[in-house]
$ cat coords26.cif   # mmCIF, C-alpha atoms
data_structure
#
loop_
_atom_site.group_PDB
_atom_site.id
_atom_site.type_symbol
_atom_site.label_atom_id
_atom_site.label_comp_id
_atom_site.auth_asym_id
_atom_site.auth_seq_id
_atom_site.Cartn_x
_atom_site.Cartn_y
_atom_site.Cartn_z
ATOM 1 C CA MET O 1 11.098 -78.654 -6.628
ATOM 2 C CA PHE O 2 11.359 -79.515 -10.344
ATOM 3 C CA PRO O 3 15.105 -80.216 -10.697
ATOM 4 C CA ARG O 4 16.643 -80.075 -14.163
ATOM 5 C CA TYR O 5 20.144 -81.345 -14.982
ATOM 6 C CA ASN O 6 22.188 -79.999 -17.893
ATOM 7 C CA GLU O 7 24.884 -82.280 -19.292
ATOM 8 C CA ALA O 8 26.820 -79.457 -20.986
ATOM 9 C CA SER O 9 27.279 -77.265 -17.909
ATOM 10 C CA GLY O 10 27.029 -79.873 -15.159
ATOM 11 C CA TRP O 11 24.535 -77.725 -13.238
ATOM 12 C CA ILE O 12 21.289 -78.817 -11.637
ATOM 13 C CA GLY O 13 18.712 -76.019 -11.561
ATOM 14 C CA PHE O 14 15.757 -76.122 -9.194
ATOM 15 C CA THR O 15 13.157 -74.029 -7.376
ATOM 16 C CA ASN O 16 13.390 -73.708 -3.604
ATOM 17 C CA LYS O 17 10.286 -72.866 -1.575
ATOM 18 C CA THR O 18 11.046 -70.913 1.611
ATOM 19 C CA VAL O 19 9.116 -71.214 4.878
ATOM 20 C CA ASP O 20 6.981 -68.213 3.879
ATOM 21 C CA MET O 21 6.349 -69.867 0.447
ATOM 22 C CA LYS O 22 8.544 -67.526 -1.588
ATOM 23 C CA SER O 23 10.251 -69.053 -4.640
ATOM 24 C CA GLU O 24 14.009 -68.976 -5.230
ATOM 25 C CA ILE O 25 16.119 -70.353 -8.076
ATOM 26 C CA TYR O 26 19.298 -72.234 -7.179
ATOM 27 C CA LEU O 27 22.065 -73.888 -9.166
ATOM 28 C CA LEU O 28 23.767 -76.978 -7.722
ATOM 29 C CA ASN O 29 26.627 -78.988 -9.204
ATOM 30 C CA LYS O 30 26.269 -82.750 -9.597
ATOM 31 C CA SER O 31 28.647 -83.603 -6.744
ATOM 32 C CA GLY O 32 26.709 -81.329 -4.398
ATOM 33 C CA ASP O 33 29.633 -79.236 -3.122
ATOM 34 C CA LYS O 34 28.781 -76.028 -5.012
ATOM 35 C CA ILE O 35 25.462 -74.208 -4.734
ATOM 36 C CA ARG O 36 24.366 -70.636 -5.459
ATOM 37 C CA LYS O 37 21.154 -68.682 -5.439
ATOM 38 C CA VAL O 38 20.477 -66.905 -8.725
ATOM 39 C CA LEU O 39 17.020 -65.321 -8.469
ATOM 40 C CA THR O 40 14.160 -64.733 -6.046
ATOM 41 C CA GLY O 41 10.460 -64.500 -6.873
ATOM 42 C CA ALA O 42 10.856 -66.901 -9.797
ATOM 43 C CA ALA O 43 10.505 -70.605 -10.651
ATOM 44 C CA PHE O 44 13.120 -72.569 -12.604
ATOM 45 C CA GLU O 45 11.841 -74.213 -15.806
ATOM 46 C CA ASP O 46 14.652 -75.611 -17.992
ATOM 47 C CA PHE O 47 18.173 -75.143 -19.360
ATOM 48 C CA SER O 48 19.114 -74.414 -22.954
ATOM 49 C CA PRO O 49 20.858 -77.447 -24.538
ATOM 50 C CA ASP O 50 24.282 -75.737 -24.308
ATOM 51 C CA GLY O 51 23.755 -74.815 -20.650
ATOM 52 C CA LYS O 52 24.421 -71.105 -21.213
ATOM 53 C CA PHE O 53 20.834 -70.005 -20.562
ATOM 54 C CA PHE O 54 17.862 -71.094 -18.512
ATOM 55 C CA LEU O 55 14.130 -70.446 -18.537
ATOM 56 C CA TYR O 56 12.214 -69.125 -15.576
ATOM 57 C CA THR O 57 8.680 -67.952 -14.847
ATOM 58 C CA THR O 58 7.745 -65.145 -12.496
ATOM 59 C CA CYS O 59 5.781 -66.102 -9.392
ATOM 60 C CA ASP O 60 3.218 -63.331 -9.606
ATOM 61 C CA GLY O 61 -0.067 -62.587 -11.344
ATOM 62 C CA LYS O 62 1.706 -61.918 -14.646
ATOM 63 C CA ALA O 63 3.350 -65.381 -14.891
ATOM 64 C CA GLU O 64 5.861 -64.172 -17.486
ATOM 65 C CA LEU O 65 8.500 -66.373 -19.128
ATOM 66 C CA PHE O 66 12.119 -65.176 -19.306
ATOM 67 C CA VAL O 67 15.393 -66.440 -20.758
ATOM 68 C CA TYR O 68 18.294 -65.805 -18.364
ATOM 69 C CA SER O 69 21.922 -65.623 -19.565
ATOM 70 C CA LEU O 70 24.327 -67.171 -17.054
ATOM 71 C CA GLU O 71 27.262 -65.330 -18.642
ATOM 72 C CA ARG O 72 25.712 -61.859 -18.794
ATOM 73 C CA LYS O 73 23.429 -62.318 -15.765
ATOM 74 C CA ARG O 74 20.596 -60.693 -17.698
ATOM 75 C CA ALA O 75 17.077 -61.792 -18.563
ATOM 76 C CA ASN O 76 14.897 -61.283 -21.628
ATOM 77 C CA LYS O 77 11.105 -61.770 -21.600
ATOM 78 C CA ILE O 78 9.832 -64.022 -24.390
ATOM 79 C CA SER O 79 6.237 -64.774 -23.353
ATOM 80 C CA GLN O 80 4.743 -61.531 -24.742
ATOM 81 C CA ASP O 81 1.234 -61.372 -23.191
ATOM 82 C CA LEU O 82 0.974 -65.084 -22.321
ATOM 83 C CA LYS O 83 0.720 -66.351 -18.738
ATOM 84 C CA VAL O 84 3.111 -69.307 -18.649
ATOM 85 C CA VAL O 85 2.675 -72.113 -16.127
ATOM 86 C CA SER O 86 5.552 -74.338 -17.267
ATOM 87 C CA ALA O 87 8.092 -74.522 -20.106
ATOM 88 C CA SER O 88 10.866 -76.649 -21.599
ATOM 89 C CA TRP O 89 13.565 -76.171 -24.247
ATOM 90 C CA SER O 90 13.744 -78.370 -27.351
ATOM 91 C CA PRO O 91 16.898 -80.527 -27.767
ATOM 92 C CA ASP O 92 17.797 -78.692 -31.004
ATOM 93 C CA GLY O 93 17.599 -75.353 -29.172
ATOM 94 C CA GLU O 94 15.120 -73.788 -31.606
ATOM 95 C CA TRP O 95 11.823 -73.933 -29.729
ATOM 96 C CA ILE O 96 10.388 -73.633 -26.254
ATOM 97 C CA ALA O 97 7.221 -75.543 -25.366
ATOM 98 C CA ALA O 98 5.016 -73.714 -22.883
ATOM 99 C CA SER O 99 1.861 -74.484 -20.962
ATOM 100 C CA VAL O 100 -0.185 -71.277 -20.918
ATOM 101 C CA LEU O 101 -3.084 -70.235 -18.693
ATOM 102 C CA ASP O 102 -6.263 -69.520 -20.686
ATOM 103 C CA LYS O 103 -9.191 -67.244 -19.847
ATOM 104 C CA ASP O 104 -11.321 -70.143 -18.563
ATOM 105 C CA GLY O 105 -8.613 -71.148 -16.080
ATOM 106 C CA SER O 106 -7.371 -74.168 -18.029
ATOM 107 C CA THR O 107 -3.991 -74.492 -19.749
ATOM 108 C CA ASP O 108 -3.060 -74.988 -23.416
ATOM 109 C CA LEU O 109 0.210 -75.748 -25.199
ATOM 110 C CA TYR O 110 2.234 -73.266 -27.250
ATOM 111 C CA LEU O 111 5.563 -73.221 -29.090
ATOM 112 C CA ILE O 112 7.730 -70.117 -28.729
ATOM 113 C CA SER O 113 10.545 -69.614 -31.230
ATOM 114 C CA VAL O 114 13.974 -68.887 -29.782
ATOM 115 C CA PHE O 115 14.927 -67.149 -33.030
ATOM 116 C CA ALA O 116 11.995 -64.707 -33.100
ATOM 117 C CA GLN O 117 9.964 -66.733 -35.616
ATOM 118 C CA GLY O 118 6.807 -66.224 -33.636
ATOM 119 C CA ILE O 119 4.518 -68.134 -31.306
ATOM 120 C CA LYS O 120 2.446 -71.152 -32.383
ATOM 121 C CA ARG O 121 -0.620 -72.314 -30.490
ATOM 122 C CA LEU O 122 -0.792 -76.114 -30.416
ATOM 123 C CA THR O 123 -3.975 -76.818 -28.442
ATOM 124 C CA ALA O 124 -7.233 -74.977 -27.777
ATOM 125 C CA THR O 125 -9.105 -77.301 -25.448
ATOM 126 C CA GLU O 126 -11.713 -75.528 -23.355
ATOM 127 C CA LYS O 127 -11.783 -76.625 -19.686
ATOM 128 C CA VAL O 128 -9.054 -79.211 -20.365
ATOM 129 C CA ASN O 129 -5.496 -78.848 -19.061
ATOM 130 C CA GLU O 130 -2.301 -79.730 -20.902
ATOM 131 C CA ALA O 131 0.688 -78.992 -18.687
ATOM 132 C CA PHE O 132 4.440 -79.530 -18.180
ATOM 133 C CA PRO O 133 5.354 -80.389 -21.786
ATOM 134 C CA VAL O 134 8.679 -82.110 -22.544
ATOM 135 C CA PHE O 135 10.217 -82.719 -25.985
ATOM 136 C CA THR O 136 11.323 -86.126 -27.184
ATOM 137 C CA ALA O 137 15.005 -86.323 -28.177
ATOM 138 C CA ASP O 138 14.158 -86.134 -31.911
ATOM 139 C CA ASN O 139 12.006 -82.977 -31.413
ATOM 140 C CA LYS O 140 9.027 -84.730 -33.045
ATOM 141 C CA PHE O 141 6.721 -85.163 -30.044
ATOM 142 C CA LEU O 142 5.727 -83.489 -26.800
ATOM 143 C CA VAL O 143 4.859 -85.538 -23.752
ATOM 144 C CA TYR O 144 2.798 -83.788 -21.074
ATOM 145 C CA PHE O 145 -0.006 -84.511 -18.650
ATOM 146 C CA THR O 146 -3.676 -83.758 -19.177
ATOM 147 C CA ASN O 147 -7.012 -84.171 -17.379
ATOM 148 C CA ARG O 148 -8.819 -84.724 -20.685
ATOM 149 C CA TYR O 149 -10.106 -88.120 -19.549
ATOM 150 C CA GLY O 150 -11.214 -87.102 -16.057
ATOM 151 C CA SER O 151 -7.970 -87.799 -14.195
ATOM 152 C CA ASN O 152 -4.339 -86.867 -14.864
ATOM 153 C CA GLU O 153 -2.733 -88.975 -17.608
ATOM 154 C CA LEU O 154 0.315 -88.660 -19.831
ATOM 155 C CA GLU O 155 -0.275 -87.869 -23.493
ATOM 156 C CA TYR O 156 1.872 -87.427 -26.609
ATOM 157 C CA LEU O 157 1.401 -84.814 -29.321
ATOM 158 C CA ASP O 158 2.881 -85.376 -32.781
ATOM 159 C CA LEU O 159 4.170 -81.887 -33.642
ATOM 160 C CA LYS O 160 4.152 -82.510 -37.398
ATOM 161 C CA GLU O 161 0.775 -84.239 -37.741
ATOM 162 C CA ASN O 162 -0.840 -82.516 -34.719
ATOM 163 C CA LYS O 163 -2.194 -85.898 -33.609
ATOM 164 C CA VAL O 164 -2.565 -87.085 -30.025
ATOM 165 C CA GLN O 165 -1.463 -90.479 -28.711
ATOM 166 C CA ARG O 166 -2.745 -91.872 -25.414
ATOM 167 C CA PRO O 167 -0.550 -94.578 -23.820
ATOM 168 C CA ILE O 168 -2.827 -94.756 -20.706
ATOM 169 C CA ILE O 169 -0.277 -93.831 -18.044
ATOM 170 C CA SER O 170 -1.723 -92.173 -14.947
ATOM 171 C CA GLY O 171 0.566 -89.464 -13.572
ATOM 172 C CA ILE O 172 1.985 -85.964 -13.803
ATOM 173 C CA TYR O 173 5.350 -84.234 -14.418
ATOM 174 C CA PRO O 174 6.780 -86.591 -17.095
ATOM 175 C CA SER O 175 10.500 -86.980 -17.766
ATOM 176 C CA LEU O 176 11.821 -89.002 -20.714
ATOM 177 C CA SER O 177 14.889 -91.226 -20.711
ATOM 178 C CA PRO O 178 17.713 -90.115 -23.078
ATOM 179 C CA ASP O 179 16.849 -92.944 -25.489
ATOM 180 C CA ASN O 180 13.122 -92.071 -25.330
ATOM 181 C CA LYS O 181 12.188 -95.660 -24.447
ATOM 182 C CA TRP O 182 11.095 -94.952 -20.875
ATOM 183 C CA VAL O 183 9.227 -92.229 -19.023
ATOM 184 C CA THR O 184 9.235 -91.381 -15.326
ATOM 185 C CA PHE O 185 6.437 -89.436 -13.679
ATOM 186 C CA GLN O 186 4.857 -88.550 -10.366
ATOM 187 C CA GLU O 187 1.843 -90.553 -9.268
ATOM 188 C CA GLY O 188 0.530 -89.432 -5.888
ATOM 189 C CA ASN O 189 3.595 -89.234 -3.629
ATOM 190 C CA THR O 190 5.607 -91.803 -5.578
ATOM 191 C CA ILE O 191 7.799 -91.897 -8.692
ATOM 192 C CA GLY O 192 6.564 -94.225 -11.410
ATOM 193 C CA LEU O 193 8.365 -95.722 -14.411
ATOM 194 C CA SER O 194 6.884 -97.019 -17.645
ATOM 195 C CA ARG O 195 7.797 -97.754 -21.218
ATOM 196 C CA ILE O 196 6.533 -94.937 -23.402
ATOM 197 C CA ASP O 197 3.784 -97.186 -24.763
ATOM 198 C CA GLY O 198 2.371 -97.690 -21.246
ATOM 199 C CA LEU O 199 3.740 -101.217 -20.758
ATOM 200 C CA ASP O 200 5.973 -102.520 -17.934
ATOM 201 C CA LYS O 201 4.756 -99.899 -15.500
ATOM 202 C CA THR O 202 6.246 -99.974 -11.988
ATOM 203 C CA THR O 203 6.625 -97.814 -8.890
ATOM 204 C CA LEU O 204 10.223 -96.878 -8.087
ATOM 205 C CA ILE O 205 10.295 -94.900 -4.846
ATOM 206 C CA LYS O 206 8.507 -92.252 -2.827
ATOM 207 C CA GLY O 207 9.158 -88.771 -4.223
ATOM 208 C CA ARG O 208 7.997 -85.923 -6.454
ATOM 209 C CA THR O 209 8.831 -84.116 -9.732
ATOM 210 C CA PRO O 210 11.398 -86.553 -11.230
ATOM 211 C CA PHE O 211 13.958 -85.719 -13.914
ATOM 212 C CA TRP O 212 15.975 -88.231 -15.933
ATOM 213 C CA ILE O 213 19.751 -87.909 -16.339
ATOM 214 C CA LYS O 214 22.310 -90.089 -18.117
#

$ encode --input "coords26.cif" --output "structure tokens"
Amino acid sequence: MFPRYNEASGWIGFTNKTVDMKSEIYLLNKSGDKIRKVLTGAAFEDFSPDGKFFLYTTCDGKAELFVYSLERKRANKISQDLKVVSASWSPDGEWIAASVLDKDGSTDLYLISVFAQGIKRLTATEKVNEAFPVFTADNKFLVYFTNRYGSNELEYLDLKENKVQRPIISGIYPSLSPDNKWVTFQEGNTIGLSRIDGLDKTTLIKGRTPFWIK
């Protein structure tokens, strides 16, 4: 589930679900001839841009977010008291976008500084979910999915102006192309493709949780 490819390291990180529904984190090289299990009881979230670290969340009631060093094989918790559902690293390496579980059971978006500059809350939408945020290549927007309009749709948040854009794309788990002109997503049991403005939408293939690579 939820594969992520890192250009710098050449690794694909993903979460494996065992028969008894336990979560394991694996690393796989692009050619598929090298694979290793790194952690158990955790879900893979994203790589750092340089490929030296990755994010993971714990699969327990605490739902904590950690940064794991591949060189030192050590982890550091960065979520403080937040329960993190999903997270991604910004292309400039400075921020981590996180979807956080709120008291009412919905999820809101936060920014967590990699350089200990604090945590910023981006949304506070009661009974509305914003989940699986992904940065655009210029770090200016987040794309994520929300049920704000009654069903799951993709939405964009301008991080500078704090304004929302709605391209009207039904789906979940967005992944942006490297040039930010296209977005893939899961719709039902299929992978969809659309221009970021919601035009030229098409269904590609059956599948789940897509991720774009060069």

$ resolve_selection --input "coords26.cif" --expression "the PyMOL selection byres ((chain O and resi 117-129) around 7)" --output "MDAnalysis selection string"
chainID O and resid 104 106:113 115:116 130:131 146:148

$ resolve_selection --input "coords26.cif" --expression "the PyMOL selection byres ((chain O and resi 184) around 10)" --output "MDAnalysis selection string"
chainID O and resid 171:177 182:183 185:187 191:196 201:204 209:212

$ closest_residue --input "coords26.cif" --among "O:Arg4, O:Lys103, O:Ile78, O:Asn152" --to "Val134 of chain O" --atoms "only C-alpha atoms"
O:Arg4

$ residues_around --input "coords26.cif" --residues "Gly51 of chain O" --least-positions-apart "5" --cutoff "7 Å" --atoms "only C-alpha atoms" --output "PyMOL selection string"
chain O and resi 6+8-9

$ resolve_selection --input "coords26.cif" --expression "the PyMOL selection byres ((chain O and resi 53) around 12)" --output "ChimeraX atom specification"
/O:6,8-9,11,13,44-52,54-56,66-76,89,93,114

$ atom_distance --input "coords26.cif" --atom1 "atom CA of Ala97 of chain O" --atom2 "atom CA of Leu27 of chain O"
22.0 Å

$ residues_around --input "coords26.cif" --residues "Met1 of chain O" --least-positions-apart "5" --cutoff "8 Å" --atoms "all atoms listed in the file" --output "PyMOL selection string"
chain O and resi 14-17+208-209

$ write_last_selection --input "coords26.cif" --atoms "C-alpha atoms" --output "short mmCIF file (atom, residue, chain, number, x, y, z; two decimals), in the coordinates of the input"
data_model
loop_
_atom_site.label_atom_id
_atom_site.label_comp_id
_atom_site.auth_asym_id
_atom_site.auth_seq_id
_atom_site.Cartn_x
_atom_site.Cartn_y
_atom_site.Cartn_z
CA PHE O 14 15.76 -76.12 -9.19
CA THR O 15 13.16 -74.03 -7.38
CA ASN O 16 13.39 -73.71 -3.60
CA LYS O 17 10.29 -72.87 -1.58
CA ARG O 208 8.00 -85.92 -6.45
CA THR O 209 8.83 -84.12 -9.73
#

$ decode --input "coords26.cif" --residues "segment 51-64 of chain O" --atoms "all heavy atoms" --output "PDB file, in the first residue's frame"
ATOM      1  N   GLY O  51      16.535  11.479   0.248  1.00  0.00           N
ATOM      2  CA  GLY O  51      16.452  10.037   0.395  1.00  0.00           C
ATOM      3  C   GLY O  51      17.143   9.466   1.615  1.00  0.00           C
ATOM      4  O   GLY O  51      17.194   8.241   1.788  1.00  0.00           O
ATOM      5  N   LYS O  52      17.641  10.308   2.511  1.00  0.00           N
ATOM      6  CA  LYS O  52      18.361   9.824   3.687  1.00  0.00           C
ATOM      7  C   LYS O  52      17.440   9.521   4.871  1.00  0.00           C
ATOM      8  O   LYS O  52      17.845   8.856   5.821  1.00  0.00           O
ATOM      9  CB  LYS O  52      19.420  10.851   4.105  1.00  0.00           C
ATOM     10  CG  LYS O  52      20.519  11.040   3.076  1.00  0.00           C
ATOM     11  CD  LYS O  52      21.547  12.058   3.549  1.00  0.00           C
ATOM     12  CE  LYS O  52      22.658  12.233   2.528  1.00  0.00           C
ATOM     13  NZ  LYS O  52      23.663  13.236   2.986  1.00  0.00           N
ATOM     14  N   PHE O  53      16.214  10.009   4.808  1.00  0.00           N
ATOM     15  CA  PHE O  53      15.255   9.816   5.890  1.00  0.00           C
ATOM     16  C   PHE O  53      13.904   9.424   5.296  1.00  0.00           C
ATOM     17  O   PHE O  53      13.633   9.678   4.122  1.00  0.00           O
ATOM     18  CB  PHE O  53      15.077  11.097   6.710  1.00  0.00           C
ATOM     19  CG  PHE O  53      16.338  11.636   7.304  1.00  0.00           C
ATOM     20  CD1 PHE O  53      17.163  12.496   6.567  1.00  0.00           C
ATOM     21  CD2 PHE O  53      16.719  11.310   8.598  1.00  0.00           C
ATOM     22  CE1 PHE O  53      18.323  13.013   7.109  1.00  0.00           C
ATOM     23  CE2 PHE O  53      17.877  11.824   9.152  1.00  0.00           C
ATOM     24  CZ  PHE O  53      18.688  12.662   8.413  1.00  0.00           C
ATOM     25  N   PHE O  54      13.054   8.845   6.131  1.00  0.00           N
ATOM     26  CA  PHE O  54      11.662   8.685   5.721  1.00  0.00           C
ATOM     27  C   PHE O  54      10.737   8.902   6.913  1.00  0.00           C
ATOM     28  O   PHE O  54      11.144   8.812   8.069  1.00  0.00           O
ATOM     29  CB  PHE O  54      11.404   7.331   5.043  1.00  0.00           C
ATOM     30  CG  PHE O  54      11.507   6.112   5.926  1.00  0.00           C
ATOM     31  CD1 PHE O  54      10.486   5.767   6.817  1.00  0.00           C
ATOM     32  CD2 PHE O  54      12.616   5.275   5.840  1.00  0.00           C
ATOM     33  CE1 PHE O  54      10.575   4.626   7.604  1.00  0.00           C
ATOM     34  CE2 PHE O  54      12.713   4.131   6.629  1.00  0.00           C
ATOM     35  CZ  PHE O  54      11.689   3.804   7.512  1.00  0.00           C
ATOM     36  N   LEU O  55       9.494   9.213   6.601  1.00  0.00           N
ATOM     37  CA  LEU O  55       8.462   9.432   7.605  1.00  0.00           C
ATOM     38  C   LEU O  55       7.652   8.157   7.783  1.00  0.00           C
ATOM     39  O   LEU O  55       7.363   7.463   6.811  1.00  0.00           O
ATOM     40  CB  LEU O  55       7.514  10.551   7.163  1.00  0.00           C
ATOM     41  CG  LEU O  55       8.092  11.942   6.957  1.00  0.00           C
ATOM     42  CD1 LEU O  55       7.043  12.824   6.279  1.00  0.00           C
ATOM     43  CD2 LEU O  55       8.515  12.545   8.281  1.00  0.00           C
ATOM     44  N   TYR O  56       7.285   7.881   9.031  1.00  0.00           N
ATOM     45  CA  TYR O  56       6.340   6.797   9.259  1.00  0.00           C
ATOM     46  C   TYR O  56       5.423   7.145  10.417  1.00  0.00           C
ATOM     47  O   TYR O  56       5.770   7.953  11.287  1.00  0.00           O
ATOM     48  CB  TYR O  56       7.058   5.471   9.506  1.00  0.00           C
ATOM     49  CG  TYR O  56       7.747   5.320  10.841  1.00  0.00           C
ATOM     50  CD1 TYR O  56       7.062   4.875  11.981  1.00  0.00           C
ATOM     51  CD2 TYR O  56       9.106   5.602  10.983  1.00  0.00           C
ATOM     52  CE1 TYR O  56       7.703   4.715  13.205  1.00  0.00           C
ATOM     53  CE2 TYR O  56       9.752   5.449  12.195  1.00  0.00           C
ATOM     54  CZ  TYR O  56       9.045   5.001  13.306  1.00  0.00           C
ATOM     55  OH  TYR O  56       9.689   4.854  14.520  1.00  0.00           O
ATOM     56  N   THR O  57       4.235   6.540  10.411  1.00  0.00           N
ATOM     57  CA  THR O  57       3.285   6.690  11.506  1.00  0.00           C
ATOM     58  C   THR O  57       3.121   5.351  12.202  1.00  0.00           C
ATOM     59  O   THR O  57       3.220   4.290  11.581  1.00  0.00           O
ATOM     60  CB  THR O  57       1.912   7.165  10.990  1.00  0.00           C
ATOM     61  OG1 THR O  57       1.511   6.364   9.876  1.00  0.00           O
ATOM     62  CG2 THR O  57       1.972   8.614  10.568  1.00  0.00           C
ATOM     63  N   THR O  58       2.874   5.408  13.501  1.00  0.00           N
ATOM     64  CA  THR O  58       2.682   4.179  14.266  1.00  0.00           C
ATOM     65  C   THR O  58       1.244   3.690  14.110  1.00  0.00           C
ATOM     66  O   THR O  58       0.304   4.474  14.088  1.00  0.00           O
ATOM     67  CB  THR O  58       2.989   4.405  15.754  1.00  0.00           C
ATOM     68  OG1 THR O  58       2.140   5.455  16.261  1.00  0.00           O
ATOM     69  CG2 THR O  58       4.447   4.797  15.941  1.00  0.00           C
ATOM     70  N   CYS O  59       1.100   2.389  13.983  1.00  0.00           N
ATOM     71  CA  CYS O  59      -0.228   1.789  13.792  1.00  0.00           C
ATOM     72  C   CYS O  59      -0.806   1.363  15.137  1.00  0.00           C
ATOM     73  O   CYS O  59      -0.966   0.171  15.429  1.00  0.00           O
ATOM     74  CB  CYS O  59      -0.128   0.612  12.831  1.00  0.00           C
ATOM     75  SG  CYS O  59       0.443   1.093  11.196  1.00  0.00           S
ATOM     76  N   ASP O  60      -1.067   2.357  15.960  1.00  0.00           N
ATOM     77  CA  ASP O  60      -1.652   2.112  17.279  1.00  0.00           C
ATOM     78  C   ASP O  60      -2.560   3.288  17.626  1.00  0.00           C
ATOM     79  O   ASP O  60      -2.799   4.174  16.795  1.00  0.00           O
ATOM     80  CB  ASP O  60      -0.563   1.930  18.341  1.00  0.00           C
ATOM     81  CG  ASP O  60       0.430   3.089  18.381  1.00  0.00           C
ATOM     82  OD1 ASP O  60       0.075   4.196  17.937  1.00  0.00           O
ATOM     83  OD2 ASP O  60       1.561   2.894  18.865  1.00  0.00           O
ATOM     84  N   GLY O  61      -3.066   3.321  18.826  1.00  0.00           N
ATOM     85  CA  GLY O  61      -3.961   4.391  19.237  1.00  0.00           C
ATOM     86  C   GLY O  61      -3.304   5.753  19.315  1.00  0.00           C
ATOM     87  O   GLY O  61      -3.977   6.782  19.252  1.00  0.00           O
ATOM     88  N   LYS O  62      -1.973   5.790  19.417  1.00  0.00           N
ATOM     89  CA  LYS O  62      -1.263   7.062  19.523  1.00  0.00           C
ATOM     90  C   LYS O  62      -1.083   7.743  18.171  1.00  0.00           C
ATOM     91  O   LYS O  62      -1.024   8.970  18.103  1.00  0.00           O
ATOM     92  CB  LYS O  62       0.098   6.846  20.185  1.00  0.00           C
ATOM     93  CG  LYS O  62       0.022   6.367  21.627  1.00  0.00           C
ATOM     94  CD  LYS O  62       1.413   6.202  22.212  1.00  0.00           C
ATOM     95  CE  LYS O  62       1.354   5.739  23.663  1.00  0.00           C
ATOM     96  NZ  LYS O  62       2.709   5.551  24.242  1.00  0.00           N
ATOM     97  N   ALA O  63      -0.936   6.963  17.100  1.00  0.00           N
ATOM     98  CA  ALA O  63      -0.772   7.498  15.737  1.00  0.00           C
ATOM     99  C   ALA O  63       0.299   8.584  15.689  1.00  0.00           C
ATOM    100  O   ALA O  63       0.059   9.705  15.229  1.00  0.00           O
ATOM    101  CB  ALA O  63      -2.100   8.020  15.206  1.00  0.00           C
ATOM    102  N   GLU O  64       1.486   8.263  16.165  1.00  0.00           N
ATOM    103  CA  GLU O  64       2.581   9.236  16.220  1.00  0.00           C
ATOM    104  C   GLU O  64       3.368   9.255  14.908  1.00  0.00           C
ATOM    105  O   GLU O  64       3.458   8.248  14.207  1.00  0.00           O
ATOM    106  CB  GLU O  64       3.506   8.894  17.380  1.00  0.00           C
ATOM    107  CG  GLU O  64       2.830   8.997  18.743  1.00  0.00           C
ATOM    108  CD  GLU O  64       3.685   8.443  19.873  1.00  0.00           C
ATOM    109  OE1 GLU O  64       4.274   7.361  19.709  1.00  0.00           O
ATOM    110  OE2 GLU O  64       3.747   9.090  20.927  1.00  0.00           O
TER     111      GLU O  64
END
